[in-house]
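Source file: structure.cif. Holds: mmCIF, C-alpha atoms; chains and numbers go by the auth columns.
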```cif
data_structure
#
loop_
_atom_site.group_PDB
_atom_site.id
_atom_site.type_symbol
_atom_site.label_atom_id
_atom_site.label_comp_id
_atom_site.label_asym_id
_atom_site.label_seq_id
_atom_site.Cartn_x
_atom_site.Cartn_y
_atom_site.Cartn_z
_atom_site.B_iso_or_equiv
_atom_site.auth_seq_id
_atom_site.auth_asym_id
ATOM 1 C CA MET A 1 -11.759 69.076 -48.340 0.00 1 A
ATOM 2 C CA ASP A 2 -12.267 70.530 -51.856 0.00 2 A
ATOM 3 C CA THR A 3 -13.569 67.130 -52.915 0.00 3 A
ATOM 4 C CA ILE A 4 -16.266 67.366 -50.257 0.00 4 A
ATOM 5 C CA TRP A 5 -17.682 70.527 -51.821 0.00 5 A
ATOM 6 C CA ILE A 6 -17.624 68.873 -55.248 0.00 6 A
ATOM 7 C CA MET A 7 -19.722 66.056 -53.802 0.00 7 A
ATOM 8 C CA LEU A 8 -22.181 68.575 -52.371 0.00 8 A
ATOM 9 C CA LEU A 9 -22.556 70.104 -55.824 0.00 9 A
ATOM 10 C CA ALA A 10 -22.913 66.609 -57.336 0.00 10 A
ATOM 11 C CA VAL A 11 -25.800 65.543 -55.076 0.00 11 A
ATOM 12 C CA VAL A 12 -27.564 68.899 -55.417 0.00 12 A
ATOM 13 C CA GLY A 13 -27.125 68.662 -59.200 0.00 13 A
ATOM 14 C CA PHE A 14 -28.570 65.152 -59.195 0.00 14 A
ATOM 15 C CA ASN A 15 -31.627 66.309 -57.272 0.00 15 A
ATOM 16 C CA LEU A 16 -32.131 69.254 -59.606 0.00 16 A
ATOM 17 C CA ALA A 17 -32.056 66.805 -62.522 0.00 17 A
ATOM 18 C CA MET A 18 -34.664 64.640 -60.767 0.00 18 A
ATOM 19 C CA PHE A 19 -36.831 67.701 -60.097 0.00 19 A
ATOM 20 C CA VAL A 20 -37.411 68.358 -63.805 0.00 20 A
ATOM 21 C CA PRO A 21 -39.341 65.158 -64.743 0.00 21 A
ATOM 22 C CA ALA A 22 -40.998 65.025 -61.305 0.00 22 A
ATOM 23 C CA TYR A 23 -42.440 68.519 -61.841 0.00 23 A
ATOM 24 C CA ILE A 24 -43.311 68.036 -65.509 0.00 24 A
ATOM 25 C CA TYR A 25 -45.218 64.803 -64.913 0.00 25 A
ATOM 26 C CA LYS A 26 -46.440 65.743 -61.405 0.00 26 A
ATOM 27 C CA THR A 27 -45.420 62.300 -60.175 0.00 27 A
ATOM 28 C CA ASP A 28 -44.684 61.265 -56.603 0.00 28 A
ATOM 29 C CA LYS A 29 -43.140 57.974 -57.676 0.00 29 A
ATOM 30 C CA LEU A 30 -39.879 59.657 -58.586 0.00 30 A
ATOM 31 C CA THR A 31 -40.070 62.008 -55.629 0.00 31 A
ATOM 32 C CA ASP A 32 -40.597 59.257 -53.078 0.00 32 A
ATOM 33 C CA ILE A 33 -37.583 57.115 -54.070 0.00 33 A
ATOM 34 C CA SER A 34 -35.205 59.949 -54.973 0.00 34 A
ATOM 35 C CA TYR A 35 -33.926 60.227 -51.400 0.00 35 A
ATOM 36 C CA ALA A 36 -32.510 56.694 -51.452 0.00 36 A
ATOM 37 C CA LEU A 37 -31.218 57.103 -55.008 0.00 37 A
ATOM 38 C CA SER A 38 -29.319 60.233 -53.974 0.00 38 A
ATOM 39 C CA PHE A 39 -27.354 58.226 -51.394 0.00 39 A
ATOM 40 C CA VAL A 40 -26.434 55.581 -53.971 0.00 40 A
ATOM 41 C CA VAL A 41 -25.253 58.178 -56.480 0.00 41 A
ATOM 42 C CA LEU A 42 -23.198 60.091 -53.924 0.00 42 A
ATOM 43 C CA ILE A 43 -21.517 57.104 -52.255 0.00 43 A
ATOM 44 C CA LEU A 44 -20.584 55.621 -55.645 0.00 44 A
ATOM 45 C CA PHE A 45 -19.237 59.001 -56.742 0.00 45 A
ATOM 46 C CA SER A 46 -17.252 59.163 -53.508 0.00 46 A
ATOM 47 C CA TYR A 47 -15.958 55.609 -53.872 0.00 47 A
ATOM 48 C CA GLY A 48 -14.736 56.372 -57.379 0.00 48 A
ATOM 49 C CA GLY A 49 -12.525 59.119 -55.976 0.00 49 A
ATOM 50 C CA SER A 50 -11.226 57.072 -53.021 0.00 50 A
ATOM 51 C CA SER A 51 -8.128 54.864 -52.769 0.00 51 A
ATOM 52 C CA GLN A 52 -10.634 51.985 -52.956 0.00 52 A
ATOM 53 C CA LYS A 53 -9.299 49.953 -50.043 0.00 53 A
ATOM 54 C CA TRP A 54 -11.504 47.186 -48.673 0.00 54 A
ATOM 55 C CA PRO A 55 -12.851 49.341 -45.778 0.00 55 A
ATOM 56 C CA HIS A 56 -14.043 51.763 -48.460 0.00 56 A
ATOM 57 C CA VAL A 57 -15.805 48.857 -50.158 0.00 57 A
ATOM 58 C CA LEU A 58 -17.510 47.974 -46.874 0.00 58 A
ATOM 59 C CA MET A 59 -18.724 51.525 -46.294 0.00 59 A
ATOM 60 C CA THR A 60 -20.032 51.712 -49.853 0.00 60 A
ATOM 61 C CA LEU A 61 -21.878 48.403 -49.501 0.00 61 A
ATOM 62 C CA PHE A 62 -23.385 49.419 -46.143 0.00 62 A
ATOM 63 C CA VAL A 63 -24.825 52.634 -47.608 0.00 63 A
ATOM 64 C CA ILE A 64 -26.100 50.915 -50.753 0.00 64 A
ATOM 65 C CA TRP A 65 -27.636 48.106 -48.676 0.00 65 A
ATOM 66 C CA TRP A 66 -29.528 50.655 -46.586 0.00 66 A
ATOM 67 C CA ALA A 67 -30.561 52.686 -49.646 0.00 67 A
ATOM 68 C CA VAL A 68 -31.793 49.715 -51.693 0.00 68 A
ATOM 69 C CA ARG A 69 -33.866 48.497 -48.745 0.00 69 A
ATOM 70 C CA LEU A 70 -35.414 51.917 -48.169 0.00 70 A
ATOM 71 C CA GLY A 71 -35.852 52.723 -51.848 0.00 71 A
ATOM 72 C CA GLY A 72 -37.499 49.363 -52.519 0.00 72 A
ATOM 73 C CA PHE A 73 -39.921 49.856 -49.647 0.00 73 A
ATOM 74 C CA LEU A 74 -40.816 53.404 -50.703 0.00 74 A
ATOM 75 C CA LEU A 75 -41.375 52.288 -54.292 0.00 75 A
ATOM 76 C CA MET A 76 -43.681 49.497 -53.119 0.00 76 A
ATOM 77 C CA ARG A 77 -45.576 51.944 -50.914 0.00 77 A
ATOM 78 C CA ILE A 78 -46.051 54.658 -53.540 0.00 78 A
ATOM 79 C CA ARG A 79 -47.147 52.126 -56.181 0.00 79 A
ATOM 80 C CA ASN A 80 -49.815 50.973 -53.755 0.00 80 A
ATOM 81 C CA LYS A 81 -50.964 54.434 -52.658 0.00 81 A
ATOM 82 C CA GLY A 82 -50.567 56.186 -56.028 0.00 82 A
ATOM 83 C CA LYS A 83 -49.588 59.525 -54.485 0.00 83 A
ATOM 84 C CA ASP A 84 -47.929 61.019 -51.428 0.00 84 A
ATOM 85 C CA LYS A 85 -50.230 63.493 -49.691 0.00 85 A
ATOM 86 C CA ARG A 86 -47.198 65.276 -48.203 0.00 86 A
ATOM 87 C CA PHE A 87 -46.639 66.831 -51.624 0.00 87 A
ATOM 88 C CA ASP A 88 -50.199 68.071 -52.097 0.00 88 A
ATOM 89 C CA GLY A 89 -50.009 71.780 -52.829 0.00 89 A
ATOM 90 C CA MET A 90 -46.277 71.485 -53.450 0.00 90 A
ATOM 91 C CA ARG A 91 -45.862 69.486 -56.667 0.00 91 A
ATOM 92 C CA GLU A 92 -47.950 72.099 -58.563 0.00 92 A
ATOM 93 C CA ASN A 93 -45.866 75.012 -57.255 0.00 93 A
ATOM 94 C CA PRO A 94 -42.451 75.144 -58.987 0.00 94 A
ATOM 95 C CA VAL A 95 -40.820 77.301 -56.281 0.00 95 A
ATOM 96 C CA LYS A 96 -41.965 75.163 -53.352 0.00 96 A
ATOM 97 C CA PHE A 97 -41.233 71.939 -55.213 0.00 97 A
ATOM 98 C CA LEU A 98 -37.764 73.097 -56.253 0.00 98 A
ATOM 99 C CA ARG A 99 -37.044 74.120 -52.663 0.00 99 A
ATOM 100 C CA PHE A 100 -37.885 70.582 -51.540 0.00 100 A
ATOM 101 C CA TRP A 101 -35.415 69.075 -54.027 0.00 101 A
ATOM 102 C CA LEU A 102 -32.647 71.492 -53.055 0.00 102 A
ATOM 103 C CA LEU A 103 -33.190 70.795 -49.357 0.00 103 A
ATOM 104 C CA GLN A 104 -33.207 67.070 -50.007 0.00 104 A
ATOM 105 C CA GLY A 105 -29.860 67.244 -51.819 0.00 105 A
ATOM 106 C CA VAL A 106 -28.259 69.173 -48.955 0.00 106 A
ATOM 107 C CA SER A 107 -29.814 66.822 -46.379 0.00 107 A
ATOM 108 C CA VAL A 108 -28.397 63.748 -48.117 0.00 108 A
ATOM 109 C CA PHE A 109 -24.961 65.370 -48.092 0.00 109 A
ATOM 110 C CA VAL A 110 -25.140 66.170 -44.367 0.00 110 A
ATOM 111 C CA VAL A 111 -26.449 62.721 -43.377 0.00 111 A
ATOM 112 C CA LEU A 112 -23.716 61.066 -45.442 0.00 112 A
ATOM 113 C CA ILE A 113 -20.876 63.366 -44.328 0.00 113 A
ATOM 114 C CA SER A 114 -19.213 60.835 -41.992 0.00 114 A
ATOM 115 C CA ALA A 115 -19.103 58.272 -44.803 0.00 115 A
ATOM 116 C CA LEU A 116 -17.816 60.851 -47.292 0.00 116 A
ATOM 117 C CA LEU A 117 -14.978 61.902 -44.990 0.00 117 A
ATOM 118 C CA PHE A 118 -14.135 58.244 -44.382 0.00 118 A
ATOM 119 C CA MET A 119 -13.946 57.632 -48.140 0.00 119 A
ATOM 120 C CA GLN A 120 -11.236 60.297 -48.412 0.00 120 A
ATOM 121 C CA VAL A 121 -8.940 58.570 -45.918 0.00 121 A
ATOM 122 C CA LYS A 122 -6.071 56.940 -47.833 0.00 122 A
ATOM 123 C CA ASN A 123 -5.609 53.992 -45.467 0.00 123 A
ATOM 124 C CA PRO A 124 -8.725 53.530 -43.318 0.00 124 A
ATOM 125 C CA GLN A 125 -8.545 51.121 -40.396 0.00 125 A
ATOM 126 C CA ILE A 126 -11.004 48.518 -39.172 0.00 126 A
ATOM 127 C CA SER A 127 -10.551 48.624 -35.402 0.00 127 A
ATOM 128 C CA ALA A 128 -12.520 46.901 -32.657 0.00 128 A
ATOM 129 C CA PHE A 129 -14.427 50.184 -32.295 0.00 129 A
ATOM 130 C CA ALA A 130 -15.280 50.061 -36.001 0.00 130 A
ATOM 131 C CA ILE A 131 -16.670 46.551 -35.569 0.00 131 A
ATOM 132 C CA VAL A 132 -18.952 47.899 -32.836 0.00 132 A
ATOM 133 C CA GLY A 133 -20.157 50.420 -35.417 0.00 133 A
ATOM 134 C CA ILE A 134 -20.944 47.616 -37.872 0.00 134 A
ATOM 135 C CA ILE A 135 -23.011 45.856 -35.195 0.00 135 A
ATOM 136 C CA ILE A 136 -24.938 49.061 -34.378 0.00 136 A
ATOM 137 C CA PHE A 137 -25.560 49.606 -38.083 0.00 137 A
ATOM 138 C CA GLY A 138 -26.763 46.025 -38.594 0.00 138 A
ATOM 139 C CA VAL A 139 -29.125 46.091 -35.617 0.00 139 A
ATOM 140 C CA GLY A 140 -30.470 49.474 -36.684 0.00 140 A
ATOM 141 C CA LEU A 141 -31.110 48.303 -40.236 0.00 141 A
ATOM 142 C CA TYR A 142 -32.897 45.206 -38.945 0.00 142 A
ATOM 143 C CA ILE A 143 -35.107 47.257 -36.612 0.00 143 A
ATOM 144 C CA GLU A 144 -35.942 49.786 -39.323 0.00 144 A
ATOM 145 C CA ALA A 145 -36.740 47.165 -41.966 0.00 145 A
ATOM 146 C CA THR A 146 -38.803 45.043 -39.573 0.00 146 A
ATOM 147 C CA ALA A 147 -40.761 48.054 -38.312 0.00 147 A
ATOM 148 C CA ASP A 148 -41.569 49.225 -41.841 0.00 148 A
ATOM 149 C CA LEU A 149 -42.717 45.752 -42.867 0.00 149 A
ATOM 150 C CA GLN A 150 -44.853 45.269 -39.767 0.00 150 A
ATOM 151 C CA LYS A 151 -46.551 48.634 -40.234 0.00 151 A
ATOM 152 C CA TRP A 152 -47.094 47.878 -43.932 0.00 152 A
ATOM 153 C CA HIS A 153 -48.883 44.601 -43.195 0.00 153 A
ATOM 154 C CA PHE A 154 -50.899 46.284 -40.423 0.00 154 A
ATOM 155 C CA SER A 155 -52.051 49.107 -42.717 0.00 155 A
ATOM 156 C CA GLN A 156 -53.089 46.676 -45.467 0.00 156 A
ATOM 157 C CA ASP A 157 -55.759 45.168 -43.201 0.00 157 A
ATOM 158 C CA VAL A 158 -58.987 47.167 -43.612 0.00 158 A
ATOM 159 C CA LYS A 159 -59.881 46.316 -40.002 0.00 159 A
ATOM 160 C CA ASN A 160 -57.013 48.540 -38.876 0.00 160 A
ATOM 161 C CA LYS A 161 -58.060 51.685 -40.761 0.00 161 A
ATOM 162 C CA GLY A 162 -57.665 54.697 -38.485 0.00 162 A
ATOM 163 C CA LYS A 163 -55.817 52.660 -35.845 0.00 163 A
ATOM 164 C CA TRP A 164 -52.224 52.973 -34.633 0.00 164 A
ATOM 165 C CA ILE A 165 -50.103 49.842 -34.741 0.00 165 A
ATOM 166 C CA GLU A 166 -49.204 48.541 -31.266 0.00 166 A
ATOM 167 C CA SER A 167 -47.977 45.051 -32.119 0.00 167 A
ATOM 168 C CA GLY A 168 -44.539 43.611 -32.871 0.00 168 A
ATOM 169 C CA ILE A 169 -41.658 46.056 -32.472 0.00 169 A
ATOM 170 C CA TRP A 170 -44.216 48.864 -32.392 0.00 170 A
ATOM 171 C CA SER A 171 -45.378 47.644 -28.980 0.00 171 A
ATOM 172 C CA LYS A 172 -41.921 48.504 -27.626 0.00 172 A
ATOM 173 C CA SER A 173 -41.354 51.855 -29.317 0.00 173 A
ATOM 174 C CA ARG A 174 -43.567 54.624 -30.698 0.00 174 A
ATOM 175 C CA HIS A 175 -41.456 54.855 -33.857 0.00 175 A
ATOM 176 C CA PRO A 176 -39.027 51.918 -34.090 0.00 176 A
ATOM 177 C CA ASN A 177 -38.354 52.746 -37.746 0.00 177 A
ATOM 178 C CA TYR A 178 -37.000 56.120 -36.610 0.00 178 A
ATOM 179 C CA LEU A 179 -34.942 54.424 -33.908 0.00 179 A
ATOM 180 C CA GLY A 180 -33.481 52.072 -36.506 0.00 180 A
ATOM 181 C CA GLU A 181 -32.638 54.986 -38.802 0.00 181 A
ATOM 182 C CA MET A 182 -30.797 56.782 -36.011 0.00 182 A
ATOM 183 C CA MET A 183 -28.833 53.620 -35.218 0.00 183 A
ATOM 184 C CA VAL A 184 -27.884 53.138 -38.878 0.00 184 A
ATOM 185 C CA TRP A 185 -26.176 56.520 -39.150 0.00 185 A
ATOM 186 C CA GLY A 186 -24.837 56.410 -35.610 0.00 186 A
ATOM 187 C CA GLY A 187 -23.298 53.030 -36.425 0.00 187 A
ATOM 188 C CA LEU A 188 -21.659 54.305 -39.621 0.00 188 A
ATOM 189 C CA TYR A 189 -20.230 57.248 -37.676 0.00 189 A
ATOM 190 C CA VAL A 190 -18.725 54.850 -35.129 0.00 190 A
ATOM 191 C CA PHE A 191 -17.396 52.699 -38.005 0.00 191 A
ATOM 192 C CA ALA A 192 -15.604 55.716 -39.497 0.00 192 A
ATOM 193 C CA PHE A 193 -14.502 57.289 -36.197 0.00 193 A
ATOM 194 C CA THR A 194 -11.033 55.760 -35.658 0.00 194 A
ATOM 195 C CA SER A 195 -9.931 56.486 -39.231 0.00 195 A
ATOM 196 C CA LEU A 196 -10.769 60.194 -39.028 0.00 196 A
ATOM 197 C CA SER A 197 -8.731 63.074 -37.644 0.00 197 A
ATOM 198 C CA SER A 198 -9.961 65.029 -34.614 0.00 198 A
ATOM 199 C CA THR A 199 -11.397 67.788 -36.798 0.00 199 A
ATOM 200 C CA GLU A 200 -13.028 65.288 -39.156 0.00 200 A
ATOM 201 C CA ARG A 201 -14.646 63.501 -36.219 0.00 201 A
ATOM 202 C CA LEU A 202 -16.349 66.723 -35.175 0.00 202 A
ATOM 203 C CA VAL A 203 -17.547 67.473 -38.697 0.00 203 A
ATOM 204 C CA ALA A 204 -18.690 63.846 -39.194 0.00 204 A
ATOM 205 C CA LEU A 205 -20.761 64.086 -36.008 0.00 205 A
ATOM 206 C CA LEU A 206 -23.162 66.229 -38.041 0.00 206 A
ATOM 207 C CA SER A 207 -24.412 63.007 -39.651 0.00 207 A
ATOM 208 C CA PRO A 208 -26.036 61.282 -36.638 0.00 208 A
ATOM 209 C CA VAL A 209 -26.929 64.579 -34.947 0.00 209 A
ATOM 210 C CA TYR A 210 -28.716 65.884 -38.045 0.00 210 A
ATOM 211 C CA ILE A 211 -30.786 62.750 -38.581 0.00 211 A
ATOM 212 C CA ILE A 212 -31.706 62.580 -34.882 0.00 212 A
ATOM 213 C CA VAL A 213 -32.850 66.227 -34.830 0.00 213 A
ATOM 214 C CA LEU A 214 -34.694 65.770 -38.128 0.00 214 A
ATOM 215 C CA LEU A 215 -36.614 62.703 -36.956 0.00 215 A
ATOM 216 C CA LEU A 216 -37.358 63.896 -33.431 0.00 216 A
ATOM 217 C CA PHE A 217 -38.237 67.522 -34.046 0.00 217 A
ATOM 218 C CA VAL A 218 -38.952 68.052 -37.766 0.00 218 A
ATOM 219 C CA SER A 219 -40.329 64.898 -39.417 0.00 219 A
#
```
Target format structure tokens, applied to this file:
Amino acid sequence: MDTIWIMLLAVVGFNLAMFVPAYIYKTDKLTDISYALSFVVLILFSYGGSSQKWPHVLMTLFVIWWAVRLGGFLLMRIRNKGKDKRFDGMRENPVKFLRFWLLQGVSVFVVLISALLFMQVKNPQISAFAIVGIIIFGVGLYIEATADLQKWHFSQDVKNKGKWIESGIWSKSRHPNYLGEMMVWGGLYVFAFTSLSSTERLVALLSPVYIIVLLLFVS
């Protein structure tokens, strides 16, 4: 478990390092993709300290796959928009801006906790239950990516300015991108479940629960 706390310090340290240029240059480009980058840094750091069995490779690839997709989309979006209005009044205030980066580092750690615990298992197993987790993850990633792309194309049409998208997957769900995100982390929890101890399963449950609460009641 000591390794877990080291990883918490690592991801918080990474976000503090990202805060410095983001604040100096008052740029949202770094801020908007840092979330995905934090996952890549932490899962690679975790993989380096694992026994590096093939299930560990799978978990690492799943997280990186998700992060590259999200990071690429966010980069495309911020390059198009130029700035993220969510940070108005924050990027100029060092205390508020620093608080955002610290919270983001902790949030990445909590969301990734099931994967981090799985990476510490010496001989992880790929059971039938784990395969179900892979399927949930894959479907969730597809839904999230498709929803983001559909909304992007919708928003690029000037005829749709001020309108809410109600076509494609968005005709079935108010926020299918949120649904996909919940499924991604729920699927990775299921993937890790059989390889974890009873105590680890309870701690790892923080991952899907945290992202669900964040998306439903905070975001």
Pairwise distance for CA of Tyr210 in chain A and CA of Ser107 in chain A, rounded to one decimal in Å: 8.5 Å
Atom-to-atom span, CA of Arg174 in chain A and CA of Val218 in chain A, Å: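 So the two atoms, CA of Arg174 in chain A and CA of Val218 in chain A, lie 15.9 Å apart.
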Chain and number of each residue from the PyMOL selection byres ((chain A and resi 176-188) around 8), as a ChimeraX atom specification: /A:59,111,114-115,132-148,169-170,172-175,189-192,207-208,211-212,215
Got time to write the residues from that selection, C-alpha atoms, as a compact mmCIF listing (two decimals), in the frame of the given file?
```
# COMPACT_ATOMS: atom_id res chain seq x y z
CA MET A 59 -18.72 51.52 -46.29
CA VAL A 111 -26.45 62.72 -43.38
CA SER A 114 -19.21 60.84 -41.99
CA ALA A 115 -19.10 58.27 -44.80
CA VAL A 132 -18.95 47.90 -32.84
CA GLY A 133 -20.16 50.42 -35.42
CA ILE A 134 -20.94 47.62 -37.87
CA ILE A 135 -23.01 45.86 -35.20
CA ILE A 136 -24.94 49.06 -34.38
CA PHE A 137 -25.56 49.61 -38.08
CA GLY A 138 -26.76 46.02 -38.59
CA VAL A 139 -29.12 46.09 -35.62
CA GLY A 140 -30.47 49.47 -36.68
CA LEU A 141 -31.11 48.30 -40.24
CA TYR A 142 -32.90 45.21 -38.94
CA ILE A 143 -35.11 47.26 -36.61
CA GLU A 144 -35.94 49.79 -39.32
CA ALA A 145 -36.74 47.16 -41.97
CA THR A 146 -38.80 45.04 -39.57
CA ALA A 147 -40.76 48.05 -38.31
CA ASP A 148 -41.57 49.22 -41.84
CA ILE A 169 -41.66 46.06 -32.47
CA TRP A 170 -44.22 48.86 -32.39
CA LYS A 172 -41.92 48.50 -27.63
CA SER A 173 -41.35 51.86 -29.32
CA ARG A 174 -43.57 54.62 -30.70
CA HIS A 175 -41.46 54.86 -33.86
CA TYR A 189 -20.23 57.25 -37.68
CA VAL A 190 -18.73 54.85 -35.13
CA PHE A 191 -17.40 52.70 -38.01
CA ALA A 192 -15.60 55.72 -39.50
CA SER A 207 -24.41 63.01 -39.65
CA PRO A 208 -26.04 61.28 -36.64
CA ILE A 211 -30.79 62.75 -38.58
CA ILE A 212 -31.71 62.58 -34.88
CA LEU A 215 -36.61 62.70 -36.96
```
Coordinates-based distance that separates CA of Phe193 in chain A from CA of Leu205 in chain A (Å, one decimal): 9.2 Å
Test item: residues at most 9 Å from Leu37 in chain A, only C-alpha atoms, excluding those fewer than 3 positions along its chain, as a PyMOL selection string: chain A and resi 33-34+40-42+67-68+71
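Closest approach to Lys53 in chain A among A:Ser219, A:Gln125, A:Asn93, A:Ser198: A:Gln125, based on all atoms listed in the file.
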Would you write out, as a PDB file with C-alpha atoms, in the frame of the given file, every residue that the PyMOL selection byres ((chain A and resi 20-29) around 9) captures in this file?
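part-v2.pdb, written as the output of this step:
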```
ATOM      1  CA  ASN A  15     -31.627  66.309 -57.272  1.00  0.00           C
ATOM      2  CA  LEU A  16     -32.131  69.254 -59.606  1.00  0.00           C
ATOM      3  CA  ALA A  17     -32.056  66.805 -62.522  1.00  0.00           C
ATOM      4  CA  MET A  18     -34.664  64.640 -60.767  1.00  0.00           C
ATOM      5  CA  PHE A  19     -36.831  67.701 -60.097  1.00  0.00           C
ATOM      6  CA  LEU A  30     -39.879  59.657 -58.586  1.00  0.00           C
ATOM      7  CA  THR A  31     -40.070  62.008 -55.629  1.00  0.00           C
ATOM      8  CA  ASP A  32     -40.597  59.257 -53.078  1.00  0.00           C
ATOM      9  CA  ILE A  33     -37.583  57.115 -54.070  1.00  0.00           C
ATOM     10  CA  SER A  34     -35.205  59.949 -54.973  1.00  0.00           C
ATOM     11  CA  LEU A  74     -40.816  53.404 -50.703  1.00  0.00           C
ATOM     12  CA  LEU A  75     -41.375  52.288 -54.292  1.00  0.00           C
ATOM     13  CA  ILE A  78     -46.051  54.658 -53.540  1.00  0.00           C
ATOM     14  CA  ARG A  79     -47.147  52.126 -56.181  1.00  0.00           C
ATOM     15  CA  GLY A  82     -50.567  56.186 -56.028  1.00  0.00           C
ATOM     16  CA  LYS A  83     -49.588  59.525 -54.485  1.00  0.00           C
ATOM     17  CA  ASP A  84     -47.929  61.019 -51.428  1.00  0.00           C
ATOM     18  CA  PHE A  87     -46.639  66.831 -51.624  1.00  0.00           C
ATOM     19  CA  ARG A  91     -45.862  69.486 -56.667  1.00  0.00           C
ATOM     20  CA  GLU A  92     -47.950  72.099 -58.563  1.00  0.00           C
ATOM     21  CA  ASN A  93     -45.866  75.012 -57.255  1.00  0.00           C
ATOM     22  CA  PRO A  94     -42.451  75.144 -58.987  1.00  0.00           C
ATOM     23  CA  PHE A  97     -41.233  71.939 -55.213  1.00  0.00           C
ATOM     24  CA  LEU A  98     -37.764  73.097 -56.253  1.00  0.00           C
TER      25      LEU A  98
END
```
All residues 12 Å or closer to Gly48 in chain A, all atoms listed in the file, same chain fewer than 5 positions away omitted, as a ChimeraX atom specification: /A:3,7,41-43,53,56-57,60,116,119-120
Got time to write the residues from that selection, C-alpha atoms, as a PDB file, in the frame of the given file?
```pdb
ATOM      1  CA  THR A   3     -13.569  67.130 -52.915  1.00  0.00           C
ATOM      2  CA  MET A   7     -19.722  66.056 -53.802  1.00  0.00           C
ATOM      3  CA  VAL A  41     -25.253  58.178 -56.480  1.00  0.00           C
ATOM      4  CA  LEU A  42     -23.198  60.091 -53.924  1.00  0.00           C
ATOM      5  CA  ILE A  43     -21.517  57.104 -52.255  1.00  0.00           C
ATOM      6  CA  LYS A  53      -9.299  49.953 -50.043  1.00  0.00           C
ATOM      7  CA  HIS A  56     -14.043  51.763 -48.460  1.00  0.00           C
ATOM      8  CA  VAL A  57     -15.805  48.857 -50.158  1.00  0.00           C
ATOM      9  CA  THR A  60     -20.032  51.712 -49.853  1.00  0.00           C
ATOM     10  CA  LEU A 116     -17.816  60.851 -47.292  1.00  0.00           C
ATOM     11  CA  MET A 119     -13.946  57.632 -48.140  1.00  0.00           C
ATOM     12  CA  GLN A 120     -11.236  60.297 -48.412  1.00  0.00           C
TER      13      GLN A 120
END
```
Distance criterion (only C-alpha atoms): nearest to Gly13 in chain A out of A:Tyr47, A:Phe154, A:Tyr35, A:Trp101: A:Trp101
Test item: axis-aligned box, all listed atoms of range 114-129 of chain A, 4 Å on each side, centre and edges in Å rounded to one decimal, as JSON:
```
{"center_x": -12.4, "center_y": 54.4, "center_z": -40.4, "size_x": 21.6, "size_y": 23.0, "size_z": 24.1}
```
Proximity to Met76 in chain A - best of A:Leu8, A:Leu149, A:Val213, A:Val95, all atoms listed in the file: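 Smallest separation from Met76 in chain A among the options: A:Leu149.
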Distance criterion (all atoms listed in the file): nearest to Leu102 in chain A out of A:Phe14, A:Phe217, A:Trp66, A:Phe73: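 Checking each of A:Phe14, A:Phe217, A:Trp66, A:Phe73 against Leu102 in chain A, counting all atoms listed in the file, the winner is A:Phe14.
Using all atoms listed in the file, the nearest neighbour of Gln52 in chain A within the list A:Pro124, A:Gly89, A:Gly105, A:Gly72 is A:Pro124.
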Closest of A:Ser50, A:Ser38, A:Ser127, A:Asn80 to Thr194 in chain A - atom-to-atom distances counting all atoms listed in the file: A:Ser127
